[in-house]
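S.K.: Sharing a structure with you now.
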Amino acid sequence: MQSETRTIPGTDVRLPVLGFGGAPIGNLYRQVPEQEAIDAVEAAWEGGVRYFDTAPHYGLGLSERRLGQALAGQDRDSYVLSTKVGRLLRPNPSPNGKDSEGFDVPDDLTRVRDYSRDGVLRSIEESLQRLGTDRIDVVYIHDPDDYWTEALNGAAPTLSALKDEGVIGAWGAGMNQSEMLARFVTETDIDVVMLAGRYTLLEQGAAQELLPACLEREVGVVNVGVFNSGLLSKDRPARDATYNYQPAPQELLDRANLLADICESHGTTLPAAALNFPYQHPSVTSVVLGMRTPEQVKQNLDLASQEVPDALWADLRHRGLIT
């Protein structure tokens, strides 16, 4: 699977169907030793992964710096790189010692939301410096939930112009909700959306409006959060499994266990099915998985190589568990 690519409609960007998500190597939730983070990227490369996604938000720039360091020796034309705009990193006037947004890093910097034209241009320039590269292939507007007007009037036309000028290959928006992404699809000339957690084996809310709109308007979909932040990541959900980064409610634990039962009856596992499920929709271009260690990379690559029988999807549809 790693070598397969799909073109983002309307662009020249050929996106590998499996990508490396860089949030964990930005010390998401806990510290990752520098060498372990570099080794994780190198293990992904050795396993055939050629799409790498990051953002300034991830570890206050740490993820971008580590990813750039790990990829420094590779031919720039041989892989696809994406990052995001919307959060500028600036000196923190009142640090408390540790970042307050989920990353185990010092808070000597702070995030300043800026979806304006100037903010987008500055963000890209600063990301290029942290990544140590001369170009970014795909740029996403990051989490503009409370900044729709600014993103629509500032970031969107700016990125569209950069694409037309050949500075970037494609642009999109990345969010944890599908409703506003659907508005981007119908109200702008967006190329691709990064959809987090809303089209998974457990829930398919994006299939109502967003995914049909992407098909109709020829917009690519990069699906992330396919394990719903942990609930679908093991053969059997742990009792303390998380969903949307919070303790999973019993109702969803029961549903995940039912899904696990059905997967087992078809000779596969819950995480293998969770990883393969998004590809069942024709709008999905790629799936990106957050990876922290070489062991986690190997586990994900093993999951991606497993064949999931078509009979499973038919059974789940018959039971009303997927749409």
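Lettering and numbering for the structure tokens are positional, with chains as A, B, ... in the shown order, residues counted from 1 in each chain, and ligands counted from 1 in the shown order.
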Thr188 in chain A: which residues within 9 Å, counting only C-alpha atoms, same-chain residues fewer than 2 positions away excluded, as a PDB file with C-alpha atoms, in the first residue's frame?

M.R.:
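Generated file (around_19.pdb):
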ATOM      1  CA  LEU A 152     -12.476  32.679   4.019  1.00  0.00           C
ATOM      2  CA  ALA A 156      -8.197  30.832   1.362  1.00  0.00           C
ATOM      3  CA  PRO A 157      -7.545  33.369  -1.418  1.00  0.00           C
ATOM      4  CA  ARG A 183     -18.535  24.973   3.535  1.00  0.00           C
ATOM      5  CA  PHE A 184     -14.932  25.262   2.355  1.00  0.00           C
ATOM      6  CA  VAL A 185     -15.675  22.697  -0.343  1.00  0.00           C
ATOM      7  CA  THR A 186     -18.799  24.480  -1.597  1.00  0.00           C
ATOM      8  CA  ILE A 190     -10.127  24.270  -2.132  1.00  0.00           C
TER       9      ILE A 190
END

S.K.: Which residues are close to range 290-300 of chain A, i.e. within 8 Å by only C-alpha atoms, leaving aside same-chain residues fewer than 6 positions away? Reply as a ChimeraX atom specification.

M.R.: /A:20-25,32,36-37,39-41,43-44,47

S.K.: Okay, now the selection with N, CA and C atoms, as a compact mmCIF listing (two decimals), in the first residue's frame?

M.R.:
# COMPACT_ATOMS: atom_id res chain seq x y z
N PHE A 20 2.59 9.78 7.25
CA PHE A 20 3.14 9.86 8.60
C PHE A 20 2.65 11.15 9.23
N GLY A 21 1.93 11.05 10.34
CA GLY A 21 1.45 12.22 11.06
C GLY A 21 2.45 12.66 12.11
N GLY A 22 2.84 13.92 12.09
CA GLY A 22 3.95 14.38 12.91
C GLY A 22 3.61 14.93 14.28
N ALA A 23 2.34 14.88 14.70
CA ALA A 23 2.02 15.42 16.03
C ALA A 23 2.75 14.68 17.16
N PRO A 24 2.77 13.34 17.16
CA PRO A 24 3.42 12.64 18.27
C PRO A 24 4.89 12.99 18.45
N ILE A 25 5.64 13.20 17.36
CA ILE A 25 7.06 13.53 17.52
C ILE A 25 7.24 14.99 17.92
N VAL A 32 9.17 12.67 23.81
CA VAL A 32 9.77 11.64 22.97
C VAL A 32 11.24 12.03 22.81
N GLU A 36 14.72 8.99 19.24
CA GLU A 36 13.58 8.11 18.97
C GLU A 36 12.65 8.73 17.93
N ALA A 37 12.46 10.03 18.00
CA ALA A 37 11.62 10.72 17.02
C ALA A 37 12.24 10.62 15.62
N ASP A 39 14.36 8.37 14.63
CA ASP A 39 14.31 6.96 14.23
C ASP A 39 12.91 6.58 13.71
N ALA A 40 11.88 7.18 14.29
CA ALA A 40 10.51 6.87 13.84
C ALA A 40 10.33 7.33 12.40
N VAL A 41 10.79 8.53 12.08
CA VAL A 41 10.68 9.03 10.71
C VAL A 41 11.49 8.16 9.76
N ALA A 43 12.29 5.01 10.18
CA ALA A 43 11.63 3.72 10.04
C ALA A 43 10.47 3.81 9.05
N ALA A 44 9.75 4.92 9.10
CA ALA A 44 8.66 5.11 8.14
C ALA A 44 9.22 5.18 6.72
N GLY A 47 10.14 1.89 5.51
CA GLY A 47 8.95 1.10 5.23
C GLY A 47 8.19 1.53 4.00

S.K.: So which residues touch Glu209 in chain A within 12 Å, counting only C-alpha atoms, skipping near sequence neighbours fewer than 5 positions away, as a ChimeraX atom specification?

M.R.: /A:177-183,185-186,198-199,204,214-216

S.K.: Any chance you could export the current selection's N, CA, C and O atoms as a short mmCIF file (atom, residue, chain, number, x, y, z; two decimals), in the first residue's frame?

M.R.:
data_model
loop_
_atom_site.label_atom_id
_atom_site.label_comp_id
_atom_site.auth_asym_id
_atom_site.auth_seq_id
_atom_site.Cartn_x
_atom_site.Cartn_y
_atom_site.Cartn_z
N GLN A 177 -14.10 18.72 12.57
CA GLN A 177 -15.52 18.71 12.26
C GLN A 177 -15.70 18.67 10.74
O GLN A 177 -14.82 19.10 9.99
N SER A 178 -16.85 18.16 10.30
CA SER A 178 -17.08 18.06 8.86
C SER A 178 -17.93 19.20 8.32
O SER A 178 -17.87 19.51 7.12
N GLU A 179 -18.72 19.86 9.17
CA GLU A 179 -19.66 20.87 8.68
C GLU A 179 -18.95 22.05 8.04
O GLU A 179 -19.30 22.48 6.93
N MET A 180 -17.96 22.62 8.72
CA MET A 180 -17.26 23.76 8.14
C MET A 180 -16.40 23.35 6.96
O MET A 180 -16.23 24.12 6.00
N LEU A 181 -15.85 22.13 7.00
CA LEU A 181 -15.10 21.65 5.84
C LEU A 181 -16.01 21.59 4.61
O LEU A 181 -15.58 21.92 3.50
N ALA A 182 -17.26 21.20 4.81
CA ALA A 182 -18.21 21.18 3.69
C ALA A 182 -18.42 22.58 3.14
O ALA A 182 -18.57 22.77 1.93
N ARG A 183 -18.41 23.59 4.00
CA ARG A 183 -18.54 24.97 3.53
C ARG A 183 -17.31 25.38 2.72
O ARG A 183 -17.45 26.06 1.69
N VAL A 185 -15.55 23.41 0.93
CA VAL A 185 -15.68 22.70 -0.34
C VAL A 185 -16.65 23.40 -1.28
O VAL A 185 -16.41 23.52 -2.48
N THR A 186 -17.77 23.89 -0.74
CA THR A 186 -18.80 24.48 -1.60
C THR A 186 -18.60 25.97 -1.84
O THR A 186 -19.16 26.51 -2.81
N ARG A 198 -14.00 12.07 11.83
CA ARG A 198 -15.43 12.11 11.51
C ARG A 198 -15.83 11.15 10.40
O ARG A 198 -16.97 11.15 9.96
N TYR A 199 -14.88 10.36 9.92
CA TYR A 199 -15.23 9.28 8.99
C TYR A 199 -14.38 8.08 9.37
O TYR A 199 -13.27 7.88 8.88
N GLN A 204 -19.63 7.91 11.02
CA GLN A 204 -19.50 8.32 9.62
C GLN A 204 -20.30 9.59 9.32
O GLN A 204 -20.94 9.72 8.28
N CYS A 214 -17.36 16.56 -1.69
CA CYS A 214 -16.00 16.38 -2.20
C CYS A 214 -16.01 15.62 -3.53
O CYS A 214 -15.27 15.96 -4.46
N LEU A 215 -16.85 14.60 -3.63
CA LEU A 215 -16.96 13.86 -4.89
C LEU A 215 -17.50 14.76 -6.00
O LEU A 215 -16.97 14.78 -7.11
N GLU A 216 -18.54 15.50 -5.68
CA GLU A 216 -19.19 16.33 -6.69
C GLU A 216 -18.26 17.43 -7.20
O GLU A 216 -18.21 17.72 -8.40
#

S.K.: Using CA of Asp235 in chain A and CA of Val284 in chain A as the two end points, give the distance in Å to one decimal.

M.R.: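 Value for the CA of Asp235 in chain A-CA of Val284 in chain A distance: 24.2 Å.
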
S.K.: If you run DSSP on the backbone, which residues of range 148-290 of chain A are strand (DSSP E), as a ChimeraX atom specification?

M.R.: /A:170-175,192-196,220-224,242-243,246-247,284-290

S.K.: Find, counting only C-alpha atoms, the residue in A:Val139, A:Ala151, A:Leu253, A:Leu195 that gets nearest to Lys163 in chain A.

M.R.: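 Closest candidate: A:Val139.
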
S.K.: Measuring between only C-alpha atoms, which one of A:Pro271, A:Gly97, A:Gly19, A:Gly119 shows the shortest distance to Met194 in chain A?

M.R.: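 Comparing A:Pro271, A:Gly97, A:Gly19, A:Gly119 against Met194 in chain A, the winner is A:Gly19.
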
S.K.: Return as a VMD selection string the full set of residues in range 152-214 of chain A whose backbone-based DSSP assignment is alpha helix (DSSP H).

M.R.: chain A and resid 156 to 164 179 to 187 210 to 214

S.K.: Could you write out that same residue set with C-alpha atoms as a tab-separated table (two decimals), in the first residue's frame?

M.R.:
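Below is the file that was written, selection_39.tsv:
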chain	number	residue	atom	x	y	z
A	156	ALA	CA	-8.20	30.83	1.36
A	157	PRO	CA	-7.55	33.37	-1.42
A	158	THR	CA	-3.90	33.70	-0.34
A	159	LEU	CA	-3.28	29.95	-0.60
A	160	SER	CA	-5.21	29.77	-3.86
A	161	ALA	CA	-2.96	32.48	-5.31
A	162	LEU	CA	0.17	30.69	-4.07
A	163	LYS	CA	-1.02	27.55	-5.81
A	164	ASP	CA	-1.69	29.45	-9.05
A	179	GLU	CA	-19.66	20.87	8.68
A	180	MET	CA	-17.26	23.76	8.14
A	181	LEU	CA	-15.10	21.65	5.84
A	182	ALA	CA	-18.21	21.18	3.69
A	183	ARG	CA	-18.54	24.97	3.53
A	184	PHE	CA	-14.93	25.26	2.35
A	185	VAL	CA	-15.68	22.70	-0.34
A	186	THR	CA	-18.80	24.48	-1.60
A	187	GLU	CA	-17.71	28.11	-1.12
A	210	LEU	CA	-18.93	16.51	3.26
A	211	LEU	CA	-17.87	13.42	1.33
A	212	PRO	CA	-20.61	13.70	-1.32
A	213	ALA	CA	-19.66	17.38	-1.78
A	214	CYS	CA	-16.00	16.38	-2.20

S.K.: Can you tell me which residues surround Ala238 in chain A at a distance of at most 12 Å, considering only C-alpha atoms, apart from same-chain residues fewer than 4 positions away, and format the answer as a list in words?

M.R.: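 Counting only C-alpha atoms, the residues come to Gly230, Leu231, Leu232, Ser233, Lys234, Thr242, Tyr243, Pro247, Ala248, Pro249, Gln250, Leu252, Leu253, Asp254, Ala256, Asn257 and Ala260 of chain A.
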
S.K.: For the residues in the current selection, export C-alpha atoms as a CSV table (one decimal), in the first residue's frame.

M.R.:
chain,number,residue,atom,x,y,z
A,230,GLY,CA,-7.4,5.2,20.7
A,231,LEU,CA,-10.7,3.5,20.9
A,232,LEU,CA,-10.1,1.5,17.7
A,233,SER,CA,-6.4,1.0,18.0
A,234,LYS,CA,-6.3,-2.4,19.7
A,242,THR,CA,-10.1,7.3,24.8
A,243,TYR,CA,-12.5,8.8,22.3
A,247,PRO,CA,-12.4,8.7,28.3
A,248,ALA,CA,-14.7,6.7,26.0
A,249,PRO,CA,-18.4,6.5,27.2
A,250,GLN,CA,-19.7,2.9,27.8
A,252,LEU,CA,-19.0,3.6,22.5
A,253,LEU,CA,-17.0,0.9,24.3
A,254,ASP,CA,-19.8,-1.5,23.7
A,256,ALA,CA,-16.3,-0.9,19.6
A,257,ASN,CA,-16.4,-4.4,21.2
A,260,ALA,CA,-14.2,-6.2,17.2

S.K.: Which residues are near Gly48 in chain A? Cut-off 12 Å, only C-alpha atoms, ignore same chain within fewer than 5 positions. Put them as an MDAnalysis selection string.

M.R.: chainID A and resid 1:5 16:20 41:43 78:79 297:298 301:302 304:305

S.K.: Next, dump the selected residues to file, keeping only C-alpha atoms, as a compact mmCIF listing (two decimals), in the first residue's frame.

M.R.:
# COMPACT_ATOMS: atom_id res chain seq x y z
CA MET A 1 0.00 0.00 0.00
CA GLN A 2 2.78 2.44 0.89
CA SER A 3 3.88 2.83 -2.74
CA GLU A 4 0.38 3.54 -4.09
CA THR A 5 -0.48 7.16 -4.84
CA PRO A 16 0.74 8.47 -1.17
CA VAL A 17 -2.27 6.65 0.25
CA LEU A 18 -0.56 6.29 3.66
CA GLY A 19 1.10 9.17 5.45
CA PHE A 20 3.14 9.86 8.60
CA VAL A 41 10.68 9.03 10.71
CA GLU A 42 13.53 6.95 9.34
CA ALA A 43 11.63 3.72 10.04
CA SER A 78 10.93 11.85 -3.64
CA TYR A 79 8.37 12.69 -0.92
CA VAL A 297 5.62 2.71 12.72
CA LYS A 298 6.16 -1.01 12.16
CA LEU A 301 2.74 -0.59 8.40
CA ASP A 302 1.83 -4.15 9.32
CA ALA A 304 -1.77 -1.33 6.38
CA SER A 305 -0.48 -4.45 4.66

S.K.: Select, from A:Asp315, A:Asp310, A:Glu251, A:Asp12, the residue with the minimum atom-to-atom distance to Tyr279 in chain A, counting only C-alpha atoms.

M.R.: A:Asp310

S.K.: If you count only C-alpha atoms, which residues fall within 9 Å of Tyr140 in chain A, apart from same-chain ones fewer than 4 positions away, as a list in words?

M.R.: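 Selected residues are Ala55, Ser82, Thr83, Lys84, Val85, Gly86, Leu159, Ala170, Trp171, Gly172, Ala173, Gly174, Val192, Val193 and Met194 of chain A.
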
S.K.: With C-alpha atoms retained, could you export that selection as a PDB file, in the first residue's frame?

M.R.:
ATOM      1  CA  ALA A  55       2.179  21.780  11.763  1.00  0.00           C
ATOM      2  CA  SER A  82       2.432  19.175   4.201  1.00  0.00           C
ATOM      3  CA  THR A  83       2.127  21.659   7.034  1.00  0.00           C
ATOM      4  CA  LYS A  84      -0.471  24.130   8.252  1.00  0.00           C
ATOM      5  CA  VAL A  85      -1.187  27.822   8.751  1.00  0.00           C
ATOM      6  CA  GLY A  86      -3.292  29.729  11.258  1.00  0.00           C
ATOM      7  CA  LEU A 159      -3.280  29.952  -0.604  1.00  0.00           C
ATOM      8  CA  ALA A 170      -2.231  22.250  -3.318  1.00  0.00           C
ATOM      9  CA  TRP A 171      -4.105  23.805  -0.414  1.00  0.00           C
ATOM     10  CA  GLY A 172      -6.790  22.691   1.965  1.00  0.00           C
ATOM     11  CA  ALA A 173      -8.258  22.936   5.451  1.00  0.00           C
ATOM     12  CA  GLY A 174      -7.820  20.563   8.383  1.00  0.00           C
ATOM     13  CA  VAL A 192      -8.216  18.900  -0.355  1.00  0.00           C
ATOM     14  CA  VAL A 193      -9.597  18.588   3.168  1.00  0.00           C
ATOM     15  CA  MET A 194      -7.932  16.930   6.147  1.00  0.00           C
TER      16      MET A 194
END

S.K.: Counting only C-alpha atoms, figure out which residue out of A:Ser94, A:Ile322, A:Asp191, A:Ala206 gets nearest to Glu218 in chain A.

M.R.: A:Asp191

S.K.: Choose the residue, out of A:Pro9, A:Pro106, A:Gly132, A:Pro237, that has the smallest atom-to-atom separation from Arg66 in chain A; count only C-alpha atoms.

M.R.: A:Gly132

S.K.: Quick one: of A:Gln280, A:Gln208, A:Thr285, A:Thr110, who's nearest to Val222 in chain A, counting only C-alpha atoms?

M.R.: A:Thr285
